[in-house]
file my_file_29.txt (compact mmCIF, C-alpha atoms and all ligand atoms)
# COMPACT_ATOMS: atom_id res chain seq x y z
CA MET L 170 13.85 116.85 76.52
CA PRO L 171 11.10 119.40 75.90
CA GLN L 172 8.43 119.13 78.61
CA ILE L 173 5.05 117.49 78.16
CA SER L 174 2.01 119.03 79.83
CA ASP L 175 1.46 118.78 83.59
CA ARG L 176 -2.21 118.11 82.95
CA VAL L 177 -1.71 114.76 81.27
CA GLN L 178 0.59 113.59 84.03
CA THR L 179 -2.20 113.73 86.58
CA PHE L 180 -3.95 110.61 85.27
CA THR L 181 -2.83 107.19 84.07
CA ASP L 182 -3.83 105.27 80.97
CA SER L 183 -7.12 103.42 81.34
CA VAL L 184 -6.71 100.47 83.71
CA ILE L 185 -9.71 98.79 82.05
CA ARG L 186 -8.06 98.84 78.64
CA ARG L 187 -4.66 97.98 80.15
CA MET L 188 -6.18 94.79 81.60
CA THR L 189 -7.22 93.74 78.08
CA ARG L 190 -3.63 94.11 76.90
CA ILE L 191 -2.28 92.06 79.82
CA SER L 192 -5.04 89.48 79.29
CA ASN L 193 -4.03 89.15 75.62
CA THR L 194 -0.36 88.72 76.59
CA TYR L 195 -1.20 85.75 78.81
CA GLY L 196 -4.05 84.34 76.71
CA ALA L 197 -6.57 84.69 79.56
CA ILE L 198 -10.36 84.78 79.20
CA ASN L 199 -10.97 88.51 79.06
CA LEU L 200 -13.84 89.49 81.34
CA SER L 201 -12.26 92.90 81.99
CA GLN L 202 -12.99 95.46 79.25
CA GLY L 203 -16.69 95.33 78.39
CA PHE L 204 -17.30 94.30 74.81
CA PRO L 205 -19.15 91.32 73.30
CA ASP L 206 -17.41 88.33 71.75
CA PHE L 207 -20.38 87.78 69.44
CA ASP L 208 -21.30 89.42 66.13
CA PRO L 209 -23.47 92.49 65.61
CA PRO L 210 -26.94 91.83 64.08
CA LYS L 211 -26.74 90.32 60.57
CA ALA L 212 -28.87 93.09 59.03
CA ILE L 213 -26.32 95.71 60.12
CA LEU L 214 -23.44 93.66 58.72
CA ASN L 215 -25.26 93.11 55.40
CA ARG L 216 -25.83 96.83 55.13
CA LEU L 217 -22.16 97.45 55.90
CA ALA L 218 -21.22 95.16 52.98
CA GLU L 219 -23.47 97.19 50.66
CA VAL L 220 -22.07 100.46 51.95
CA ALA L 221 -18.52 99.20 51.31
CA LEU L 222 -19.34 99.26 47.59
CA GLU L 223 -21.83 102.12 47.45
CA GLY L 224 -20.25 104.57 49.89
CA PRO L 225 -20.22 107.07 51.47
CA HIS L 226 -16.46 107.00 51.92
CA GLN L 227 -15.80 110.70 52.42
CA TYR L 228 -16.48 113.01 55.35
CA SER L 229 -20.10 113.10 56.38
CA ILE L 230 -21.63 116.28 57.74
CA THR L 231 -19.46 117.01 60.75
CA PHE L 232 -22.26 116.69 63.30
CA GLY L 233 -23.52 113.41 61.86
CA ALA L 234 -25.15 112.06 58.70
CA LYS L 235 -28.67 113.43 58.35
CA ASN L 236 -30.38 110.03 58.18
CA LEU L 237 -28.52 108.83 61.29
CA ARG L 238 -29.46 111.95 63.27
CA GLU L 239 -33.07 111.55 62.15
CA ALA L 240 -33.11 107.91 63.23
CA ILE L 241 -31.56 108.78 66.61
CA ALA L 242 -34.02 111.64 67.13
CA GLU L 243 -36.96 109.36 66.36
CA LYS L 244 -35.86 106.49 68.61
CA GLN L 245 -34.74 108.62 71.55
CA GLY L 246 -37.67 111.02 71.15
CA LYS L 247 -39.93 108.08 72.01
CA ALA L 248 -37.79 107.18 75.02
CA ILE L 249 -37.61 110.76 76.28
CA GLY L 250 -41.26 111.49 75.46
CA ARG L 251 -40.72 114.59 73.34
CA ALA L 252 -40.00 115.48 69.72
CA ILE L 253 -36.25 115.94 69.22
CA ASP L 254 -34.99 118.13 66.41
CA PRO L 255 -32.35 116.16 64.49
CA GLU L 256 -30.90 119.41 63.11
CA THR L 257 -30.29 121.24 66.36
CA GLU L 258 -30.59 118.78 69.25
CA VAL L 259 -28.53 115.76 68.13
CA LEU L 260 -24.78 115.47 67.65
CA VAL L 261 -23.22 112.23 66.38
CA THR L 262 -19.86 111.56 68.03
CA CYS L 263 -17.06 108.99 68.03
CA GLY L 264 -18.66 106.90 70.74
CA SER L 265 -20.25 108.06 73.93
CA THR L 266 -16.65 108.59 75.02
CA GLU L 267 -16.40 111.63 72.77
CA ALA L 268 -19.96 112.73 73.64
CA MET L 269 -18.96 112.93 77.32
CA MET L 270 -15.81 114.90 76.54
CA CYS L 271 -17.79 117.26 74.28
CA ALA L 272 -20.39 117.75 77.02
CA MET L 273 -17.73 118.59 79.59
CA MET L 274 -15.83 120.93 77.28
CA THR L 275 -19.06 122.60 76.23
CA ILE L 276 -20.19 123.57 79.71
CA CYS L 277 -17.04 123.77 81.85
CA ASN L 278 -14.70 126.66 82.36
CA PRO L 279 -11.32 125.85 83.93
CA GLY L 280 -11.87 125.36 87.66
CA ASP L 281 -15.59 124.61 87.44
CA LYS L 282 -16.74 121.88 89.78
CA VAL L 283 -18.53 118.76 88.57
CA LEU L 284 -20.16 116.14 90.80
CA VAL L 285 -19.14 112.57 90.01
CA PHE L 286 -20.40 109.46 91.78
CA SER L 287 -17.84 107.06 93.19
CA PRO L 288 -17.51 104.32 92.00
CA PHE L 289 -17.55 105.86 88.52
CA TYR L 290 -16.74 104.85 84.97
CA GLU L 291 -13.05 105.55 84.78
CA ASN L 292 -13.22 107.96 81.82
CA TYR L 293 -15.02 110.64 83.85
CA GLY L 294 -11.92 111.37 85.94
CA ALA L 295 -9.77 112.03 82.88
CA ASP L 296 -12.64 113.88 81.15
CA ALA L 297 -12.80 116.27 84.10
CA ILE L 298 -9.05 116.91 84.07
CA LEU L 299 -8.88 117.37 80.29
CA SER L 300 -11.77 119.81 80.31
CA GLY L 301 -10.29 121.75 83.24
CA ALA L 302 -13.08 120.80 85.64
CA GLU L 303 -12.61 119.79 89.24
CA PRO L 304 -14.49 116.65 90.27
CA ILE L 305 -16.30 116.51 93.61
CA TYR L 306 -16.97 112.86 94.42
CA VAL L 307 -20.24 111.64 95.91
CA PRO L 308 -20.13 108.09 97.27
CA LEU L 309 -22.43 105.37 96.01
CA VAL L 310 -22.16 103.12 99.02
CA PRO L 311 -21.85 99.34 98.50
CA PRO L 312 -23.59 96.92 98.65
CA GLU L 313 -26.72 98.89 97.57
CA TYR L 314 -24.77 101.67 95.85
CA ASP L 315 -27.19 104.33 97.07
CA PHE L 316 -26.33 108.02 97.37
CA ASP L 317 -27.11 110.56 100.06
CA ILE L 318 -29.05 113.40 98.40
CA GLN L 319 -27.71 115.84 101.02
CA GLN L 320 -24.18 115.29 99.69
CA ILE L 321 -25.39 116.18 96.21
CA GLU L 322 -27.06 119.33 97.51
CA ASP L 323 -23.86 120.21 99.38
CA GLY L 324 -21.94 119.83 96.11
CA PHE L 325 -24.32 122.11 94.24
CA LYS L 326 -24.16 124.60 97.12
CA ALA L 327 -20.37 124.52 96.75
CA GLY L 328 -20.90 125.67 93.18
CA ALA L 329 -20.95 122.47 91.12
CA LYS L 330 -22.02 123.28 87.61
CA ALA L 331 -23.04 119.75 86.69
CA ILE L 332 -23.42 116.21 87.92
CA ILE L 333 -22.54 113.14 85.86
CA VAL L 334 -25.07 110.35 86.26
CA CYS L 335 -24.28 106.99 84.70
CA ASN L 336 -27.58 105.13 84.53
CA PRO L 337 -27.48 102.12 84.47
CA SER L 338 -24.23 102.51 86.26
CA ASN L 339 -20.87 101.04 85.36
CA PRO L 340 -19.28 99.37 87.35
CA CYS L 341 -21.89 98.69 90.05
CA GLY L 342 -24.91 97.86 87.89
CA LYS L 343 -27.12 100.30 89.78
CA VAL L 344 -30.32 101.44 88.04
CA PHE L 345 -31.58 104.69 89.53
CA SER L 346 -35.34 104.85 90.11
CA ARG L 347 -37.48 107.63 88.69
CA ASP L 348 -37.82 109.11 92.17
CA LYS L 349 -34.07 109.14 92.78
CA LEU L 350 -33.48 110.77 89.40
CA MET L 351 -36.20 113.33 90.15
CA SER L 352 -34.47 114.20 93.41
CA ILE L 353 -31.22 114.85 91.52
CA GLY L 354 -33.08 116.73 88.78
CA GLU L 355 -34.89 119.00 91.24
CA LEU L 356 -31.54 120.02 92.73
CA ALA L 357 -30.07 120.66 89.27
CA VAL L 358 -33.00 122.98 88.53
CA LYS L 359 -32.77 124.64 91.96
CA TYR L 360 -29.06 125.38 91.53
CA ASP L 361 -29.30 126.03 87.78
CA ALA L 362 -26.92 123.19 86.94
CA TYR L 363 -26.67 120.51 84.27
CA VAL L 364 -27.14 116.77 84.59
CA ILE L 365 -24.87 114.94 82.16
CA THR L 366 -26.23 111.43 81.80
CA ASP L 367 -24.41 108.46 80.39
CA GLU L 368 -27.08 106.01 79.27
CA VAL L 369 -25.10 103.58 77.11
CA TYR L 370 -26.64 100.60 78.94
CA GLU L 371 -30.24 101.88 78.65
CA HIS L 372 -31.38 98.61 77.05
CA LEU L 373 -29.64 96.36 79.59
CA VAL L 374 -31.93 96.81 82.59
CA TYR L 375 -33.12 93.63 84.27
CA ALA L 376 -36.62 92.99 85.64
CA PRO L 377 -38.11 94.30 87.87
CA TYR L 378 -36.07 97.46 87.23
CA SER L 379 -36.73 99.83 84.35
CA HIS L 380 -34.84 102.63 82.69
CA THR L 381 -35.87 106.27 83.08
CA CYS L 382 -34.38 108.92 80.80
CA MET L 383 -33.33 111.91 82.87
CA ALA L 384 -34.13 114.21 79.93
CA GLY L 385 -37.75 113.00 79.95
CA LEU L 386 -38.47 114.01 83.55
CA PRO L 387 -40.62 117.13 84.05
CA GLY L 388 -38.60 120.29 83.53
CA MET L 389 -35.36 118.41 82.88
CA TYR L 390 -34.84 118.56 79.13
CA ASP L 391 -32.99 121.89 79.12
CA HIS L 392 -30.96 120.84 82.15
CA THR L 393 -29.88 117.47 80.74
CA ILE L 394 -27.14 116.52 78.32
CA THR L 395 -27.61 112.90 77.33
CA CYS L 396 -24.57 110.93 76.19
CA ASN L 397 -25.38 107.65 74.53
CA SER L 398 -23.96 105.12 72.15
CA LEU L 399 -24.61 102.42 69.60
CA SER L 400 -21.64 100.41 70.95
CA LYS L 401 -23.44 98.24 73.48
CA THR L 402 -26.94 98.27 71.98
CA PHE L 403 -25.81 96.85 68.63
CA SER L 404 -22.61 95.08 69.75
CA ILE L 405 -20.45 97.42 67.66
CA THR L 406 -18.02 98.84 70.23
CA GLY L 407 -15.28 99.04 67.58
CA TRP L 408 -17.34 101.21 65.27
CA ARG L 409 -17.03 104.16 67.65
CA LEU L 410 -20.51 105.60 67.16
CA GLY L 411 -22.22 107.60 69.86
CA TYR L 412 -24.29 110.71 70.25
CA LEU L 413 -25.20 113.61 72.44
CA ILE L 414 -28.74 114.96 72.85
CA GLY L 415 -29.60 118.22 74.52
CA SER L 416 -31.10 121.65 74.11
CA SER L 417 -30.16 123.46 70.92
CA VAL L 418 -28.05 125.91 72.96
CA VAL L 419 -25.89 123.07 74.27
CA VAL L 420 -25.80 121.02 71.06
CA GLU L 421 -24.96 123.95 68.81
CA THR L 422 -21.93 124.66 71.03
CA ALA L 423 -20.99 120.99 71.40
CA LYS L 424 -20.91 120.78 67.59
CA LYS L 425 -18.01 123.24 67.58
CA VAL L 426 -16.05 121.19 70.12
CA HIS L 427 -16.71 118.02 68.14
CA ASP L 428 -15.80 119.63 64.83
CA PHE L 429 -12.31 120.50 66.04
CA LEU L 430 -11.79 117.31 68.06
CA THR L 431 -12.63 114.71 65.44
CA VAL L 432 -14.44 116.35 62.48
CA GLY L 433 -16.80 113.41 62.57
CA ALA L 434 -17.50 109.73 63.04
CA ALA L 435 -16.73 107.23 60.25
CA ALA L 436 -19.14 107.94 57.39
CA PRO L 437 -19.67 104.35 56.10
CA LEU L 438 -20.27 103.08 59.62
CA GLN L 439 -22.83 105.81 60.29
CA GLU L 440 -24.69 104.77 57.16
CA ALA L 441 -24.68 101.07 58.08
CA ALA L 442 -25.74 101.74 61.68
CA VAL L 443 -28.95 103.47 60.59
CA THR L 444 -30.29 99.97 59.89
CA GLY L 445 -30.05 99.11 63.58
CA LEU L 446 -31.87 102.21 64.71
CA HIS L 447 -34.83 101.16 62.58
CA PHE L 448 -35.18 97.79 64.34
CA GLY L 449 -38.52 97.28 66.09
CA GLU L 450 -39.12 96.74 69.81
CA GLU L 451 -38.54 92.98 69.46
CA TYR L 452 -34.84 93.60 68.88
CA TYR L 453 -34.45 95.23 72.31
CA THR L 454 -36.59 92.53 73.96
CA GLU L 455 -34.36 89.82 72.52
CA LEU L 456 -31.19 91.69 73.47
CA LEU L 457 -32.39 91.94 77.05
CA GLU L 458 -33.37 88.25 77.11
CA LEU L 459 -29.91 87.35 75.86
CA TYR L 460 -28.15 89.39 78.54
CA THR L 461 -30.56 88.27 81.28
CA LYS L 462 -29.59 84.66 80.47
CA LYS L 463 -25.90 85.52 80.56
CA ARG L 464 -26.26 87.41 83.82
CA ASP L 465 -28.17 84.54 85.47
CA PHE L 466 -25.69 81.98 84.13
CA LEU L 467 -22.69 83.84 85.55
CA LEU L 468 -24.32 84.73 88.86
CA ASP L 469 -25.55 81.13 89.38
CA GLY L 470 -22.03 79.91 88.68
CA LEU L 471 -20.49 82.42 91.11
CA ASP L 472 -23.02 81.32 93.76
CA ARG L 473 -22.20 77.65 93.16
CA ILE L 474 -18.50 78.39 93.56
CA GLY L 475 -19.18 80.61 96.56
CA LEU L 476 -17.69 83.88 95.31
CA LYS L 477 -19.37 86.92 96.88
CA HIS L 478 -20.90 89.29 94.34
CA ASN L 479 -23.53 91.98 93.86
CA VAL L 480 -26.61 91.43 91.68
CA PRO L 481 -26.47 93.99 88.89
CA GLN L 482 -29.79 95.70 88.16
CA GLY L 483 -28.46 96.80 84.78
CA THR L 484 -25.31 96.77 82.57
CA TYR L 485 -23.25 93.63 81.94
CA PHE L 486 -20.92 94.00 84.92
CA VAL L 487 -20.72 92.26 88.26
CA MET L 488 -18.58 93.23 91.24
CA ILE L 489 -16.89 90.43 93.20
CA ASP L 490 -15.78 90.97 96.79
CA ILE L 491 -12.24 89.54 97.08
CA GLN L 492 -11.63 90.48 100.72
CA GLU L 493 -11.47 86.83 101.86
CA PHE L 494 -8.64 86.24 99.38
CA LEU L 495 -6.76 89.39 100.33
CA ASP L 496 -6.85 88.16 103.95
CA LEU L 497 -4.89 84.99 103.00
CA PRO L 498 -1.16 84.99 103.86
CA GLN L 499 -0.09 84.62 100.20
CA PHE L 500 -1.93 87.82 99.24
CA GLN L 501 -0.79 89.96 102.18
CA GLY L 502 -0.02 93.45 100.92
CA PHE L 503 -1.56 92.80 97.49
CA THR L 504 -3.45 95.63 95.86
CA ASP L 505 -6.54 94.70 93.86
CA LEU L 506 -4.51 95.46 90.71
CA GLU L 507 -1.84 92.96 91.78
CA PHE L 508 -4.60 90.48 92.56
CA CYS L 509 -6.03 90.91 89.03
CA GLU L 510 -2.56 90.41 87.54
CA TRP L 511 -2.18 87.26 89.65
CA MET L 512 -5.60 86.07 88.40
CA ILE L 513 -4.64 86.57 84.76
CA LYS L 514 -1.40 84.61 85.17
CA ASN L 515 -2.59 81.87 87.53
CA ILE L 516 -6.34 81.48 86.96
CA GLY L 517 -6.55 82.59 83.33
CA VAL L 518 -9.39 85.08 83.82
CA ALA L 519 -8.99 88.85 83.44
CA ALA L 520 -10.95 91.26 85.66
CA VAL L 521 -10.71 95.00 86.36
CA PRO L 522 -9.50 96.11 89.81
CA GLY L 523 -12.27 97.96 91.62
CA SER L 524 -9.89 100.70 92.75
CA SER L 525 -9.90 102.11 89.22
CA PHE L 526 -13.56 103.05 89.81
CA PHE L 527 -13.54 104.13 93.45
CA ARG L 528 -12.26 107.48 94.66
CA GLU L 529 -12.19 106.13 98.20
CA ASN L 530 -9.44 103.79 99.33
CA ILE L 531 -11.51 100.69 98.51
CA ASN L 532 -9.40 97.77 97.38
CA ASN L 533 -11.53 94.68 97.81
CA TYR L 534 -13.58 94.49 94.62
CA ILE L 535 -12.91 93.30 91.11
CA ARG L 536 -15.25 93.76 88.16
CA LEU L 537 -16.15 91.02 85.67
CA HIS L 538 -18.37 91.39 82.61
CA PHE L 539 -20.64 88.82 81.01
CA ALA L 540 -20.87 89.98 77.38
CA ARG L 541 -19.45 86.61 76.40
CA SER L 542 -20.78 83.39 74.84
CA GLU L 543 -22.16 80.87 77.33
CA GLU L 544 -19.30 78.54 76.42
CA THR L 545 -16.71 81.18 77.38
CA LEU L 546 -18.55 82.03 80.59
CA LYS L 547 -18.66 78.32 81.45
CA GLU L 548 -14.91 77.98 80.96
CA ALA L 549 -14.32 81.16 82.99
CA LEU L 550 -16.38 79.68 85.85
CA THR L 551 -14.40 76.43 85.70
CA ARG L 552 -11.22 78.47 86.06
CA LEU L 553 -12.62 80.69 88.81
CA GLU L 554 -13.53 77.58 90.78
CA ARG L 555 -9.80 76.99 91.23
CA MET L 556 -9.61 80.24 93.17
CA LYS L 557 -12.03 79.00 95.75
CA SER L 558 -9.79 76.04 96.58
CA LEU L 559 -7.27 78.54 97.99
CA LEU L 560 -9.63 79.30 100.85
CA PRO L 561 -9.48 77.26 104.06
C1 LIG Y 1 -20.60 103.78 81.22
C2 LIG Y 1 -19.90 103.79 79.92
N1 LIG Y 1 -19.94 104.90 79.18
C3 LIG Y 1 -19.31 104.98 77.99
C4 LIG Y 1 -18.63 103.89 77.51
C5 LIG Y 1 -17.93 104.03 76.18
O1 LIG Y 1 -18.88 103.96 75.18
P1 LIG Y 1 -18.47 104.20 73.66
O2 LIG Y 1 -17.99 102.89 73.11
O3 LIG Y 1 -19.74 104.62 73.04
O4 LIG Y 1 -17.43 105.23 73.62
C6 LIG Y 1 -18.55 102.72 78.24
C7 LIG Y 1 -17.78 101.56 77.74
O5 LIG Y 1 -17.50 100.62 78.43
C8 LIG Y 1 -19.21 102.66 79.48
O6 LIG Y 1 -19.18 101.57 80.23
call {"tool": "encode", "arguments": {"input": "my_file_29.txt", "output": "structure tokens"}}
result
Amino acid sequence: MPQISDRVQTFTDSVIRRMTRISNTYGAINLSQGFPDFDPPKAILNRLAEVALEGPHQYSITFGAKNLREAIAEKQGKAIGRAIDPETEVLVTCGSTEAMMCAMMTICNPGDKVLVFSPFYENYGADAILSGAEPIYVPLVPPEYDFDIQQIEDGFKAGAKAIIVCNPSNPCGKVFSRDKLMSIGELAVKYDAYVITDEVYEHLVYAPYSHTCMAGLPGMYDHTITCNSLSKTFSITGWRLGYLIGSSVVVETAKKVHDFLTVGAAAPLQEAAVTGLHFGEEYYTELLELYTKKRDFLLDGLDRIGLKHNVPQGTYFVMIDIQEFLDLPQFQGFTDLEFCEWMIKNIGVAAVPGSSFFRENINNYIRLHFARSEETLKEALTRLERMKSLLP
């Protein structure tokens, strides 16, 4: 057999997405991979129906349809607090997933170091390998998931060219305060490095916390590459629409990477999504109210059952501590992955093993998401209650 590359053998397929496939095989309630089980806003769907007949159906401009880039620049310009040029500072990508890969490939030479928090959204590990970068992990320590700024400075001193900051953070739900982000930003400026932010959950930040855009902090615009998405904000994860915002130097280069990776995102979907970007503030208020209710419903249920969990400040994920189960004789020697497989088959609820997010040898967490109807969450809680009966 001809050989395949060594590079791709250093990482596995996504465990998150694998859990969805196993969940489907066993007909479990899928609280693993984060996507909603409810429809996108009606206005977006109506526009999609029109676009199906009117077009466009051919390639759009490779770096994104003009009206979509203008709408993104206007909305995110308000969030960042600065005018953004839709021609030179916005790149539309196939999801934030591609934006992150473009960002990494744009700034990294083979062997460059990039700081990554642990736990981290699983894609960043593969993104680093595929772009030739070497990750240096900085722990976010449970249960507060705080970082030690000295470790970040040490990483920059060791030559890190960038740090990836997922805010709000998947999987731990951490929302970094303005001060914490400033402390990271000041180091990026001091060491002439980039901050690559992943802000796909920017609208899912629960009171009393609030979202701060790294790019909007004093002196940070030219040091920040913002990766963002329409997936979570408009419940259209399958449309694969995301974007990258940054200085024209970065974006003009990222456009080349994007052009040869994908040529562009789906033209009719770009056109239909513009509708969403023109929604007023009330849309985001209602979205947050919806997710706050879901979060409270799930967390109340977990408390009633007695499962130990964190309280996410943002995102739609919650981490459950399964140590007390792993200590039971029937689970001796189980990894968290084996525990999740057991849950799918015996409890009928799919979760993601925490070890797919942690660099450290941490095995006692699983991640659930609550982007589900209340009815589904209720049924999931009924099933999870059965787990508790295993405990003495
Ligand atoms: C932190 C984070 N970034 C990026 C993504 C992927 O976003 P997209 O659908 O825009 O590729 C996800 C999806 O779960 C995510 O949790």
call {"tool": "residues_near_ligand", "arguments": {"input": "my_file_29.txt", "ligand": "ligand LIG 1 (chain Y)", "cutoff": "7 Å", "atoms": "only C-alpha atoms and all ligand atoms", "output": "MDAnalysis selection string"}}
result
chainID L and resid 202:203 263:267 290 335 338:339 367 369 397:400 406 409:411
call {"tool": "residues_near_point", "arguments": {"input": "my_file_29.txt", "point": "(-10.0, 117.7, 79.2)", "cutoff": "9 Å", "atoms": "all atoms listed in the file", "output": "MDAnalysis selection string"}}
result
chainID L and resid 176 270 273:274 295:302
call {"tool": "write_last_selection", "arguments": {"input": "my_file_29.txt", "atoms": "C-alpha atoms", "output": "PDB file, in the coordinates of the input"}}
result
ATOM      1  CA  ARG L 176      -2.210 118.110  82.950  1.00  0.00           C
ATOM      2  CA  MET L 270     -15.810 114.900  76.540  1.00  0.00           C
ATOM      3  CA  MET L 273     -17.730 118.590  79.590  1.00  0.00           C
ATOM      4  CA  MET L 274     -15.830 120.930  77.280  1.00  0.00           C
ATOM      5  CA  ALA L 295      -9.770 112.030  82.880  1.00  0.00           C
ATOM      6  CA  ASP L 296     -12.640 113.880  81.150  1.00  0.00           C
ATOM      7  CA  ALA L 297     -12.800 116.270  84.100  1.00  0.00           C
ATOM      8  CA  ILE L 298      -9.050 116.910  84.070  1.00  0.00           C
ATOM      9  CA  LEU L 299      -8.880 117.370  80.290  1.00  0.00           C
ATOM     10  CA  SER L 300     -11.770 119.810  80.310  1.00  0.00           C
ATOM     11  CA  GLY L 301     -10.290 121.750  83.240  1.00  0.00           C
ATOM     12  CA  ALA L 302     -13.080 120.800  85.640  1.00  0.00           C
TER      13      ALA L 302
END
call {"tool": "closest_residue", "arguments": {"input": "my_file_29.txt", "among": "L:Ile185, L:Ala540, L:Ile276, L:Ala435", "to": "Glu291 in chain L", "atoms": "only C-alpha atoms"}}
result
L:Ile185
call {"tool": "closest_residue", "arguments": {"input": "my_file_29.txt", "among": "L:Pro288, L:Thr381, L:Asp175, L:Ala327", "to": "Arg536 in chain L", "atoms": "all atoms listed in the file"}}
result
L:Pro288
call {"tool": "atom_distance", "arguments": {"input": "my_file_29.txt", "atom1": "CA of Ile249 in chain L", "atom2": "CA of Pro387 in chain L"}}
result
10.5 Å
